[in-house]
file upload-v7.cif (mmCIF, C-alpha atoms)
data_upload
#
loop_
_atom_site.label_atom_id
_atom_site.label_comp_id
_atom_site.auth_asym_id
_atom_site.auth_seq_id
_atom_site.Cartn_x
_atom_site.Cartn_y
_atom_site.Cartn_z
CA MET A 1 27.08 -40.11 -37.59
CA ASP A 2 26.35 -36.42 -36.99
CA LEU A 3 24.52 -35.21 -33.94
CA PHE A 4 22.44 -32.99 -36.21
CA ASN A 5 21.45 -33.61 -39.81
CA ARG A 6 21.12 -30.99 -42.49
CA LYS A 7 18.39 -32.52 -44.73
CA PRO A 8 16.19 -34.91 -42.74
CA SER A 9 13.55 -37.09 -44.34
CA ALA A 10 10.52 -38.40 -42.49
CA VAL A 11 11.63 -40.03 -39.25
CA LEU A 12 10.22 -41.93 -36.30
CA GLY A 13 10.90 -40.17 -33.03
CA ILE A 14 12.26 -42.84 -30.67
CA ASP A 15 12.94 -41.87 -27.07
CA ILE A 16 15.11 -44.49 -25.35
CA SER A 17 14.50 -43.81 -21.66
CA THR A 18 15.32 -45.81 -18.56
CA ALA A 19 11.83 -47.26 -18.24
CA ALA A 20 10.50 -47.54 -21.77
CA ILE A 21 10.85 -47.13 -25.51
CA LYS A 22 8.54 -44.36 -26.69
CA LEU A 23 7.89 -44.20 -30.44
CA LEU A 24 6.05 -41.50 -32.36
CA GLU A 25 5.34 -40.86 -36.05
CA LEU A 26 3.92 -37.53 -37.21
CA SER A 27 2.70 -36.18 -40.52
CA LYS A 28 1.78 -32.62 -41.45
CA THR A 29 -0.90 -31.07 -43.64
CA GLY A 30 -0.67 -27.30 -43.95
CA ASN A 31 0.13 -26.03 -40.47
CA ARG A 32 -1.46 -28.93 -38.61
CA TYR A 33 0.33 -32.03 -37.38
CA ARG A 34 -1.24 -35.47 -37.25
CA VAL A 35 -0.26 -38.42 -35.07
CA GLU A 36 0.09 -41.36 -37.46
CA SER A 37 1.36 -43.94 -35.00
CA TYR A 38 2.76 -44.26 -31.53
CA SER A 39 3.60 -46.89 -28.95
CA VAL A 40 5.18 -47.27 -25.53
CA VAL A 41 7.03 -50.49 -24.67
CA PRO A 42 8.41 -51.00 -21.13
CA LEU A 43 12.07 -51.88 -20.68
CA PRO A 44 13.31 -54.35 -18.05
CA GLN A 45 15.40 -53.01 -15.20
CA ASP A 46 19.05 -52.31 -16.01
CA ALA A 47 18.62 -52.30 -19.82
CA VAL A 48 19.28 -48.55 -19.65
CA VAL A 49 21.18 -47.21 -16.65
CA ASP A 50 21.54 -43.47 -16.02
CA LYS A 51 20.42 -42.86 -19.61
CA ASN A 52 23.21 -45.06 -20.98
CA ILE A 53 22.32 -48.24 -22.87
CA ALA A 54 23.64 -51.20 -20.87
CA ASN A 55 22.15 -53.97 -23.04
CA VAL A 56 21.88 -53.12 -26.74
CA ASP A 57 20.11 -56.37 -27.64
CA VAL A 58 17.35 -55.92 -25.07
CA VAL A 59 16.79 -52.33 -26.17
CA ALA A 60 16.75 -53.42 -29.82
CA ASP A 61 14.08 -56.04 -29.08
CA ALA A 62 11.95 -53.42 -27.34
CA ILE A 63 12.32 -51.02 -30.29
CA LYS A 64 11.32 -53.80 -32.68
CA LEU A 65 8.22 -54.50 -30.57
CA ALA A 66 7.38 -50.79 -30.43
CA VAL A 67 7.51 -50.56 -34.22
CA LYS A 68 5.31 -53.65 -34.55
CA GLN A 69 2.74 -52.37 -32.05
CA SER A 70 2.64 -48.94 -33.69
CA GLY A 71 1.97 -50.35 -37.15
CA SER A 72 4.44 -47.88 -38.69
CA LYS A 73 6.23 -48.76 -41.94
CA GLU A 74 8.81 -45.97 -41.58
CA LYS A 75 12.42 -47.19 -41.40
CA ASN A 76 14.25 -43.94 -40.64
CA ALA A 77 14.49 -42.86 -37.02
CA CYS A 78 15.67 -40.02 -34.84
CA VAL A 79 17.05 -40.75 -31.36
CA ALA A 80 18.71 -38.59 -28.74
CA VAL A 81 21.58 -38.75 -26.30
CA ALA A 82 21.15 -37.39 -22.79
CA GLY A 83 22.28 -33.86 -22.05
CA SER A 84 24.74 -35.13 -19.46
CA SER A 85 26.47 -37.09 -22.26
CA VAL A 86 26.92 -34.04 -24.47
CA MET A 87 29.23 -31.07 -24.33
CA THR A 88 27.71 -27.97 -25.90
CA LYS A 89 29.25 -24.56 -26.41
CA ILE A 90 28.29 -21.42 -28.31
CA ILE A 91 31.24 -20.13 -30.31
CA GLN A 92 31.54 -17.15 -32.65
CA MET A 93 32.63 -17.51 -36.26
CA SER A 94 32.85 -15.12 -39.20
CA ALA A 95 29.47 -14.51 -40.85
CA GLY A 96 31.13 -14.51 -44.27
CA LEU A 97 32.07 -18.19 -44.22
CA LYS A 98 30.19 -20.63 -46.42
CA GLU A 99 28.92 -23.82 -44.75
CA ASP A 100 31.79 -26.02 -45.98
CA GLU A 101 34.32 -23.34 -44.94
CA LEU A 102 32.61 -23.03 -41.56
CA GLU A 103 32.76 -26.78 -41.04
CA GLU A 104 36.45 -26.90 -41.99
CA GLN A 105 37.29 -24.02 -39.62
CA ILE A 106 35.36 -25.58 -36.73
CA MET A 107 37.13 -28.91 -37.18
CA VAL A 108 40.49 -27.11 -37.11
CA GLU A 109 39.61 -25.32 -33.88
CA ALA A 110 37.46 -27.98 -32.19
CA ASP A 111 40.20 -29.46 -30.04
CA GLN A 112 40.34 -26.27 -27.96
CA TYR A 113 36.65 -26.62 -27.08
CA VAL A 114 36.19 -30.39 -26.72
CA PRO A 115 37.70 -32.05 -23.61
CA TYR A 116 38.26 -35.39 -25.40
CA ALA A 117 40.41 -36.58 -28.27
CA LEU A 118 38.50 -35.75 -31.47
CA ASP A 119 38.70 -39.36 -32.69
CA GLU A 120 36.72 -40.39 -29.58
CA VAL A 121 33.73 -38.12 -30.20
CA ASN A 122 30.91 -37.40 -32.61
CA LEU A 123 30.93 -33.70 -33.33
CA ASP A 124 28.46 -31.42 -35.09
CA PHE A 125 27.38 -27.79 -35.19
CA GLU A 126 24.40 -25.62 -36.00
CA VAL A 127 24.37 -21.91 -36.84
CA GLN A 128 22.12 -20.06 -34.39
CA GLY A 129 22.13 -16.66 -36.11
CA LYS A 130 24.00 -13.38 -36.00
CA ASN A 131 25.81 -12.46 -32.82
CA GLU A 132 23.83 -9.70 -31.06
CA HIS A 133 26.98 -7.78 -30.20
CA ASN A 134 28.80 -8.13 -33.53
CA PRO A 135 26.83 -8.49 -36.79
CA ASP A 136 29.99 -9.60 -38.61
CA MET A 137 29.97 -12.81 -36.53
CA VAL A 138 27.48 -15.66 -36.15
CA ASP A 139 26.80 -17.72 -33.05
CA VAL A 140 27.43 -21.40 -33.70
CA LEU A 141 26.22 -24.16 -31.39
CA LEU A 142 28.93 -26.82 -31.11
CA ALA A 143 27.88 -30.23 -29.75
CA ALA A 144 30.09 -33.22 -29.02
CA SER A 145 29.41 -36.60 -27.42
CA ARG A 146 31.67 -39.56 -26.79
CA ARG A 147 31.36 -41.97 -29.69
CA GLU A 148 30.01 -44.90 -27.66
CA ASN A 149 26.97 -42.86 -26.57
CA VAL A 150 25.99 -42.41 -30.19
CA ASP A 151 27.10 -45.84 -31.43
CA ASP A 152 24.99 -47.74 -28.87
CA ARG A 153 21.84 -45.98 -30.04
CA VAL A 154 22.68 -46.44 -33.70
CA ASP A 155 23.40 -50.15 -33.10
CA ALA A 156 20.13 -50.68 -31.21
CA LEU A 157 18.16 -49.14 -34.05
CA ALA A 158 20.03 -51.18 -36.64
CA LYS A 159 19.35 -54.43 -34.79
CA ALA A 160 15.67 -53.45 -34.73
CA GLY A 161 15.68 -52.98 -38.51
CA LEU A 162 15.79 -49.17 -38.47
CA ARG A 163 18.25 -46.56 -39.71
CA ALA A 164 19.45 -43.76 -37.45
CA ARG A 165 18.80 -40.78 -39.71
CA ILE A 166 19.46 -38.21 -36.96
CA VAL A 167 21.04 -38.36 -33.51
CA ASP A 168 19.79 -35.41 -31.49
CA VAL A 169 20.25 -34.18 -27.92
CA GLU A 170 17.41 -34.60 -25.40
CA ALA A 171 17.45 -30.94 -24.35
CA PHE A 172 17.09 -29.81 -27.97
CA ALA A 173 14.27 -32.32 -28.55
CA MET A 174 12.48 -30.92 -25.50
CA GLU A 175 12.99 -27.40 -26.84
CA ASN A 176 11.54 -28.51 -30.18
CA ALA A 177 8.46 -30.00 -28.49
CA PHE A 178 7.97 -26.86 -26.40
CA SER A 179 7.10 -24.97 -29.58
CA LEU A 180 3.87 -26.99 -29.70
CA LEU A 181 2.83 -25.74 -26.26
CA ILE A 182 3.15 -22.01 -26.92
CA ASP A 183 -0.36 -21.56 -28.35
CA GLN A 184 -1.69 -23.65 -25.50
CA LEU A 185 0.00 -21.49 -22.89
CA ARG A 186 -1.00 -18.28 -24.65
CA GLY A 187 -4.64 -19.26 -24.37
CA THR A 188 -4.53 -19.78 -20.61
CA ASP A 189 -3.98 -17.60 -17.57
CA LYS A 190 -0.81 -19.56 -16.78
CA LEU A 191 1.42 -16.82 -18.12
CA SER A 192 1.32 -13.06 -18.07
CA LYS A 193 0.08 -10.99 -21.01
CA ARG A 194 3.52 -10.96 -22.57
CA SER A 195 3.98 -13.26 -25.55
CA ALA A 196 4.25 -16.85 -24.30
CA ASP A 197 7.39 -17.51 -26.34
CA LYS A 198 9.14 -14.56 -24.65
CA GLN A 199 8.73 -16.04 -21.19
CA THR A 200 11.17 -17.97 -19.04
CA VAL A 201 9.59 -21.40 -18.75
CA ALA A 202 10.92 -24.40 -16.81
CA ILE A 203 10.13 -27.91 -18.00
CA ALA A 204 10.45 -30.46 -15.19
CA ASP A 205 10.76 -33.87 -16.85
CA ILE A 206 10.28 -36.46 -14.09
CA GLY A 207 11.12 -39.89 -15.46
CA SER A 208 11.79 -43.26 -13.92
CA THR A 209 15.20 -42.56 -12.38
CA MET A 210 16.04 -39.01 -13.39
CA THR A 211 14.45 -35.58 -13.04
CA THR A 212 15.66 -33.14 -15.67
CA LEU A 213 14.98 -29.41 -15.46
CA ASN A 214 15.13 -27.63 -18.82
CA VAL A 215 14.75 -23.85 -18.63
CA LEU A 216 13.86 -22.01 -21.83
CA HIS A 217 13.98 -18.26 -22.39
CA ASN A 218 12.62 -16.81 -25.61
CA GLY A 219 12.05 -20.40 -26.72
CA ARG A 220 15.73 -21.33 -26.36
CA THR A 221 17.30 -23.65 -23.80
CA VAL A 222 19.39 -21.67 -21.33
CA TYR A 223 19.81 -24.18 -18.50
CA VAL A 224 19.69 -27.95 -18.00
CA ARG A 225 20.11 -29.83 -14.73
CA GLU A 226 19.69 -33.55 -14.01
CA GLN A 227 18.94 -34.99 -10.57
CA SER A 228 18.71 -38.64 -9.54
CA PHE A 229 15.05 -38.92 -8.65
CA GLY A 230 12.03 -40.48 -10.35
CA GLY A 231 9.09 -42.82 -10.40
CA LYS A 232 11.26 -45.82 -9.60
CA GLN A 233 11.32 -44.63 -5.99
CA LEU A 234 7.52 -44.82 -5.86
CA THR A 235 7.55 -48.31 -7.36
CA GLU A 236 10.15 -49.49 -4.85
CA GLU A 237 8.16 -48.05 -1.93
CA ILE A 238 5.02 -49.88 -3.15
CA GLN A 239 7.12 -53.04 -3.47
CA ARG A 240 8.51 -52.70 0.05
CA ARG A 241 5.30 -51.69 1.79
CA TYR A 242 2.97 -54.24 0.20
CA GLY A 243 5.31 -57.20 -0.33
CA LEU A 244 5.08 -57.20 -4.13
CA SER A 245 7.65 -57.95 -6.80
CA TYR A 246 9.05 -54.94 -8.66
CA GLU A 247 6.96 -55.85 -11.73
CA GLU A 248 3.81 -56.28 -9.65
CA ALA A 249 4.41 -52.96 -7.92
CA GLY A 250 4.85 -51.19 -11.24
CA SER A 251 1.66 -52.72 -12.60
CA ALA A 252 -0.30 -51.79 -9.47
CA LYS A 253 1.02 -48.24 -9.64
CA ARG A 254 -0.34 -47.86 -13.18
CA GLN A 255 -3.56 -49.87 -12.94
CA GLY A 256 -4.68 -49.36 -9.33
CA GLY A 257 -6.01 -51.88 -6.86
CA LEU A 258 -3.68 -50.98 -3.99
CA PRO A 259 -4.92 -50.78 -0.37
CA ASP A 260 -6.87 -47.75 0.86
CA ASN A 261 -3.87 -46.31 2.71
CA TYR A 262 -1.81 -46.11 -0.50
CA VAL A 263 -2.76 -42.52 -1.30
CA THR A 264 -2.13 -41.04 2.14
CA ASP A 265 0.84 -43.17 3.20
CA VAL A 266 2.70 -43.62 -0.09
CA LEU A 267 1.49 -41.43 -2.96
CA GLU A 268 1.12 -38.12 -1.12
CA PRO A 269 4.64 -38.28 0.41
CA PHE A 270 6.02 -39.08 -3.05
CA LYS A 271 4.24 -36.05 -4.52
CA GLN A 272 5.80 -33.87 -1.83
CA ALA A 273 9.21 -35.35 -2.62
CA MET A 274 8.69 -34.49 -6.30
CA VAL A 275 7.82 -30.90 -5.39
CA GLN A 276 11.00 -30.68 -3.30
CA GLN A 277 13.11 -31.94 -6.21
CA ILE A 278 11.56 -29.43 -8.61
CA SER A 279 11.98 -26.61 -6.09
CA ARG A 280 15.63 -27.53 -5.49
CA ALA A 281 16.37 -27.61 -9.22
CA LEU A 282 14.71 -24.21 -9.67
CA GLN A 283 16.80 -22.77 -6.83
CA PHE A 284 19.98 -23.92 -8.58
CA PHE A 285 18.80 -22.20 -11.77
CA VAL A 286 17.88 -18.95 -10.06
CA SER A 287 21.19 -18.80 -8.20
CA SER A 288 23.13 -19.37 -11.44
CA SER A 289 21.21 -16.91 -13.63
CA ALA A 290 21.33 -13.56 -11.83
CA ASN A 291 18.03 -14.31 -10.11
CA ARG A 292 16.02 -14.52 -13.33
CA ASP A 293 12.39 -15.32 -12.51
CA VAL A 294 10.59 -18.35 -13.93
CA ASP A 295 7.14 -17.51 -15.30
CA ALA A 296 5.69 -21.03 -15.47
CA ILE A 297 6.53 -24.68 -14.91
CA ILE A 298 5.60 -27.40 -17.40
CA LEU A 299 5.45 -30.89 -15.90
CA ALA A 300 6.58 -33.69 -18.22
CA GLY A 301 7.67 -37.31 -17.93
CA GLY A 302 5.69 -40.29 -16.69
CA CYS A 303 5.28 -38.90 -13.16
CA ALA A 304 3.55 -35.77 -14.50
CA SER A 305 0.47 -37.91 -15.09
CA ILE A 306 -0.05 -38.32 -11.34
CA SER A 307 -3.34 -36.61 -10.56
CA GLY A 308 -3.11 -33.22 -8.89
CA LEU A 309 0.64 -32.77 -9.19
CA ASP A 310 0.26 -29.43 -10.99
CA LYS A 311 -1.90 -28.04 -8.17
CA ILE A 312 0.58 -29.11 -5.50
CA VAL A 313 3.47 -27.53 -7.43
CA GLU A 314 1.56 -24.27 -7.78
CA LYS A 315 0.64 -24.22 -4.10
CA ASN A 316 4.09 -25.07 -2.75
CA ILE A 317 6.37 -23.28 -5.21
CA GLY A 318 4.10 -20.35 -6.07
CA ILE A 319 4.58 -20.61 -9.84
CA SER A 320 1.84 -21.54 -12.31
CA ALA A 321 2.20 -25.19 -13.35
CA TYR A 322 0.89 -27.03 -16.37
CA VAL A 323 0.91 -30.71 -17.39
CA ALA A 324 2.47 -31.11 -20.83
CA ASN A 325 0.33 -32.31 -23.74
CA PRO A 326 2.05 -31.68 -27.08
CA PHE A 327 -0.79 -33.40 -28.96
CA ILE A 328 -3.68 -31.21 -27.88
CA ASN A 329 -3.93 -29.40 -31.24
CA MET A 330 -3.03 -32.40 -33.42
CA ALA A 331 -5.25 -34.60 -35.54
CA LEU A 332 -5.13 -38.35 -34.87
CA SER A 333 -5.13 -41.26 -37.29
CA ASN A 334 -7.94 -43.75 -36.80
CA ARG A 335 -5.57 -46.30 -35.28
CA ILE A 336 -4.74 -44.01 -32.34
CA LYS A 337 -6.79 -44.41 -29.16
CA PRO A 338 -7.22 -40.82 -27.89
CA GLN A 339 -7.45 -41.73 -24.20
CA ASN A 340 -4.26 -43.83 -24.32
CA LEU A 341 -2.38 -41.02 -26.07
CA SER A 342 -3.68 -38.46 -23.59
CA ASN A 343 -2.51 -40.61 -20.67
CA ASP A 344 0.96 -41.00 -22.19
CA ALA A 345 1.25 -37.40 -23.47
CA PRO A 346 3.44 -35.92 -20.67
CA ALA A 347 5.98 -38.72 -21.17
CA MET A 348 6.08 -38.22 -24.96
CA MET A 349 7.68 -34.76 -25.07
CA ILE A 350 11.14 -35.94 -26.13
CA ALA A 351 9.73 -38.44 -28.65
CA CYS A 352 7.59 -35.62 -30.03
CA GLY A 353 10.55 -33.26 -30.34
CA LEU A 354 12.45 -36.00 -32.20
CA ALA A 355 9.55 -36.75 -34.56
CA LEU A 356 9.31 -33.04 -35.39
CA ARG A 357 12.75 -33.29 -37.01
CA SER A 358 10.88 -34.68 -40.03
CA PHE A 359 9.78 -31.12 -40.82
CA ASP A 360 12.96 -29.09 -40.22
#
call {"tool": "encode", "arguments": {"input": "upload-v7.cif", "output": "structure tokens"}}
result
Amino acid sequence: MDLFNRKPSAVLGIDISTAAIKLLELSKTGNRYRVESYSVVPLPQDAVVDKNIANVDVVADAIKLAVKQSGSKEKNACVAVAGSSVMTKIIQMSAGLKEDELEEQIMVEADQYVPYALDEVNLDFEVQGKNEHNPDMVDVLLAASRRENVDDRVDALAKAGLRARIVDVEAFAMENAFSLLIDQLRGTDKLSKRSADKQTVAIADIGSTMTTLNVLHNGRTVYVREQSFGGKQLTEEIQRRYGLSYEEAGSAKRQGGLPDNYVTDVLEPFKQAMVQQISRALQFFVSSSANRDVDAIILAGGCASISGLDKIVEKNIGISAYVANPFINMALSNRIKPQNLSNDAPAMMIACGLALRSFD
């Protein structure tokens, strides 16, 4: 199973996160995308731990339910492994090599780049274009992940009745989805007058247990950092403070009905903690990138839906912030409920980037 695929057919984008299975099916007419189906199915605790599948059968059952709820008939799927599970490296190869020659040469030389035995990894590459310093060479993105990271996802899909057509990398899926936000950003005052796709933009993906900062420059990923922080901390604080079960706390967090002091005593401190995590991740980026400035922050993941988070980020960090919605310019099939999709949109960025592989 390759990490990339040269000739993809239509695929379901399936994001296997710690908290949920997120499924998305897109179609395209002309230059406009259309959401054909989508669904979000919660996962029980410990089914996925630190973005690694701990219980393939439970994840498979959730994928099967997601497919059923979505109404999709598509059997091919695209999933992703976490960036922390993947080694990536840009290498230079002769521009005169044909694809089969390039593949053969990379396989010969791969052991000097990959820190594992080659029979323990899935390995793939993608040509990025000519090297800016030497036109006789091309830059090639090499990606490798330990075989079990890929196999667990392939097995979960298979047990759910689907075929893993493509195994991607979460950072690349996020980069793919970012392309949908460029027109959106260009039409706002969030960025300067320079072309939006020439900016340095940070995407803070705040999930259940992990906050991932993806920084893109000229539309390409230049930095990824994961930190252990997410919405699970808010759920656990609700559970502790109000004497609820974990499931009850999670339901109350989403649906409301908590005591009047919830906002001031629980939610506001959690928002401030999120801002601190984002600020810390940005500081690591700036210190590692010759003090390159970030022009805007896009907030993604389930926690990005918390009301007012973008304003607090702007106020405290001093950088324009924007809540991700990759669907804002898409048409919707009549089985999609617009309000539900809008609520889930910030958490669907990776699933969207995966579904876009149908049109590569």
call {"tool": "residues_around", "arguments": {"input": "upload-v7.cif", "residues": "Asp265 of chain A", "least_positions_apart": "6", "cutoff": "12 Å", "atoms": "all atoms listed in the file", "output": "ChimeraX atom specification"}}
result
/A:234,237-238,241-242,258-259,271-272
call {"tool": "resolve_selection", "arguments": {"input": "upload-v7.cif", "expression": "the PyMOL selection byres ((chain A and resi 94-109) around 10)", "output": "tab-separated table (two decimals) with C-alpha atoms, in the coordinates of the input"}}
result
chain	number	residue	atom	x	y	z
A	91	ILE	CA	31.24	-20.13	-30.31
A	92	GLN	CA	31.54	-17.15	-32.65
A	93	MET	CA	32.63	-17.51	-36.26
A	110	ALA	CA	37.46	-27.98	-32.19
A	111	ASP	CA	40.20	-29.46	-30.04
A	112	GLN	CA	40.34	-26.27	-27.96
A	113	TYR	CA	36.65	-26.62	-27.08
A	114	VAL	CA	36.19	-30.39	-26.72
A	118	LEU	CA	38.50	-35.75	-31.47
A	123	LEU	CA	30.93	-33.70	-33.33
A	124	ASP	CA	28.46	-31.42	-35.09
A	125	PHE	CA	27.38	-27.79	-35.19
A	126	GLU	CA	24.40	-25.62	-36.00
A	127	VAL	CA	24.37	-21.91	-36.84
A	129	GLY	CA	22.13	-16.66	-36.11
A	130	LYS	CA	24.00	-13.38	-36.00
A	131	ASN	CA	25.81	-12.46	-32.82
A	134	ASN	CA	28.80	-8.13	-33.53
A	135	PRO	CA	26.83	-8.49	-36.79
A	136	ASP	CA	29.99	-9.60	-38.61
A	137	MET	CA	29.97	-12.81	-36.53
A	138	VAL	CA	27.48	-15.66	-36.15
A	139	ASP	CA	26.80	-17.72	-33.05
A	140	VAL	CA	27.43	-21.40	-33.70
A	142	LEU	CA	28.93	-26.82	-31.11
call {"tool": "closest_atom_pairs", "arguments": {"input": "upload-v7.cif", "of": "segment 118-229 of chain A", "to": "segment 335-351 of chain A", "cutoff": "6 Å", "atoms": "only C-alpha atoms", "output": "tab-separated table"}}
result
residue	atom	partner	partner_atom	distance
A:Ala173	CA	A:Ile350	CA	5.4
A:Met174	CA	A:Ile350	CA	5.2
A:Ala177	CA	A:Met349	CA	5.9
call {"tool": "closest_residue", "arguments": {"input": "upload-v7.cif", "among": "A:Ile90, A:Ile63, A:Leu185, A:Val215", "to": "Ala158 of chain A", "atoms": "only C-alpha atoms"}}
result
A:Ile63
call {"tool": "closest_residue", "arguments": {"input": "upload-v7.cif", "among": "A:Val323, A:Ala143, A:Ala156, A:Leu213", "to": "Val58 of chain A", "atoms": "all atoms listed in the file"}}
result
A:Ala156
call {"tool": "residues_around", "arguments": {"input": "upload-v7.cif", "residues": "segment 8-19 of chain A", "least_positions_apart": "4", "cutoff": "9 Å", "atoms": "all atoms listed in the file", "output": "PDB file with C-alpha atoms, in the coordinates of the input"}}
result
ATOM      1  CA  LEU A  23       7.890 -44.200 -30.440  1.00  0.00           C
ATOM      2  CA  LEU A  24       6.050 -41.500 -32.360  1.00  0.00           C
ATOM      3  CA  GLU A  25       5.340 -40.860 -36.050  1.00  0.00           C
ATOM      4  CA  LEU A  26       3.920 -37.530 -37.210  1.00  0.00           C
ATOM      5  CA  SER A  27       2.700 -36.180 -40.520  1.00  0.00           C
ATOM      6  CA  VAL A  41       7.030 -50.490 -24.670  1.00  0.00           C
ATOM      7  CA  PRO A  42       8.410 -51.000 -21.130  1.00  0.00           C
ATOM      8  CA  LEU A  43      12.070 -51.880 -20.680  1.00  0.00           C
ATOM      9  CA  PRO A  44      13.310 -54.350 -18.050  1.00  0.00           C
ATOM     10  CA  GLN A  45      15.400 -53.010 -15.200  1.00  0.00           C
ATOM     11  CA  ASP A  46      19.050 -52.310 -16.010  1.00  0.00           C
ATOM     12  CA  ALA A  47      18.620 -52.300 -19.820  1.00  0.00           C
ATOM     13  CA  VAL A  48      19.280 -48.550 -19.650  1.00  0.00           C
ATOM     14  CA  VAL A  49      21.180 -47.210 -16.650  1.00  0.00           C
ATOM     15  CA  ASP A  50      21.540 -43.470 -16.020  1.00  0.00           C
ATOM     16  CA  LYS A  51      20.420 -42.860 -19.610  1.00  0.00           C
ATOM     17  CA  ASN A  52      23.210 -45.060 -20.980  1.00  0.00           C
ATOM     18  CA  ILE A  53      22.320 -48.240 -22.870  1.00  0.00           C
ATOM     19  CA  VAL A  59      16.790 -52.330 -26.170  1.00  0.00           C
ATOM     20  CA  ILE A  63      12.320 -51.020 -30.290  1.00  0.00           C
ATOM     21  CA  SER A  72       4.440 -47.880 -38.690  1.00  0.00           C
ATOM     22  CA  GLU A  74       8.810 -45.970 -41.580  1.00  0.00           C
ATOM     23  CA  LYS A  75      12.420 -47.190 -41.400  1.00  0.00           C
ATOM     24  CA  ASN A  76      14.250 -43.940 -40.640  1.00  0.00           C
ATOM     25  CA  ALA A  77      14.490 -42.860 -37.020  1.00  0.00           C
ATOM     26  CA  CYS A  78      15.670 -40.020 -34.840  1.00  0.00           C
ATOM     27  CA  VAL A  79      17.050 -40.750 -31.360  1.00  0.00           C
ATOM     28  CA  ALA A  80      18.710 -38.590 -28.740  1.00  0.00           C
ATOM     29  CA  VAL A  81      21.580 -38.750 -26.300  1.00  0.00           C
ATOM     30  CA  ARG A 153      21.840 -45.980 -30.040  1.00  0.00           C
ATOM     31  CA  ALA A 164      19.450 -43.760 -37.450  1.00  0.00           C
ATOM     32  CA  ARG A 165      18.800 -40.780 -39.710  1.00  0.00           C
ATOM     33  CA  ILE A 166      19.460 -38.210 -36.960  1.00  0.00           C
ATOM     34  CA  GLU A 170      17.410 -34.600 -25.400  1.00  0.00           C
ATOM     35  CA  GLY A 207      11.120 -39.890 -15.460  1.00  0.00           C
ATOM     36  CA  SER A 208      11.790 -43.260 -13.920  1.00  0.00           C
ATOM     37  CA  THR A 209      15.200 -42.560 -12.380  1.00  0.00           C
ATOM     38  CA  MET A 210      16.040 -39.010 -13.390  1.00  0.00           C
ATOM     39  CA  LYS A 232      11.260 -45.820  -9.600  1.00  0.00           C
ATOM     40  CA  MET A 348       6.080 -38.220 -24.960  1.00  0.00           C
ATOM     41  CA  ILE A 350      11.140 -35.940 -26.130  1.00  0.00           C
ATOM     42  CA  ALA A 351       9.730 -38.440 -28.650  1.00  0.00           C
ATOM     43  CA  CYS A 352       7.590 -35.620 -30.030  1.00  0.00           C
ATOM     44  CA  GLY A 353      10.550 -33.260 -30.340  1.00  0.00           C
ATOM     45  CA  LEU A 354      12.450 -36.000 -32.200  1.00  0.00           C
ATOM     46  CA  ALA A 355       9.550 -36.750 -34.560  1.00  0.00           C
ATOM     47  CA  LEU A 356       9.310 -33.040 -35.390  1.00  0.00           C
ATOM     48  CA  ARG A 357      12.750 -33.290 -37.010  1.00  0.00           C
ATOM     49  CA  SER A 358      10.880 -34.680 -40.030  1.00  0.00           C
ATOM     50  CA  PHE A 359       9.780 -31.120 -40.820  1.00  0.00           C
ATOM     51  CA  ASP A 360      12.960 -29.090 -40.220  1.00  0.00           C
TER      52      ASP A 360
END
call {"tool": "resolve_selection", "arguments": {"input": "upload-v7.cif", "expression": "the PyMOL selection byres ((chain A and resi 200) around 7)", "output": "VMD selection string"}}
result
chain A and resid 198 to 199 201 to 202 215 to 218 294 to 295
call {"tool": "resolve_selection", "arguments": {"input": "upload-v7.cif", "expression": "the PyMOL selection byres ((chain A and resi 235) around 9)", "output": "list in words"}}
result
Gly231, Lys232, Gln233, Leu234, Glu236, Glu237, Ile238, Gln239, Arg240, Tyr246, Glu247, Ala249, Gly250, Ala252 and Lys253 of chain A
call {"tool": "closest_residue", "arguments": {"input": "upload-v7.cif", "among": "A:Arg254, A:Arg292, A:Lys159, A:Lys311", "to": "Val222 of chain A", "atoms": "only C-alpha atoms"}}
result
A:Arg292
call {"tool": "atom_distance", "arguments": {"input": "upload-v7.cif", "atom1": "atom CA of Asp119 of chain A", "atom2": "atom CA of Arg146 of chain A"}}
result
9.2 Å
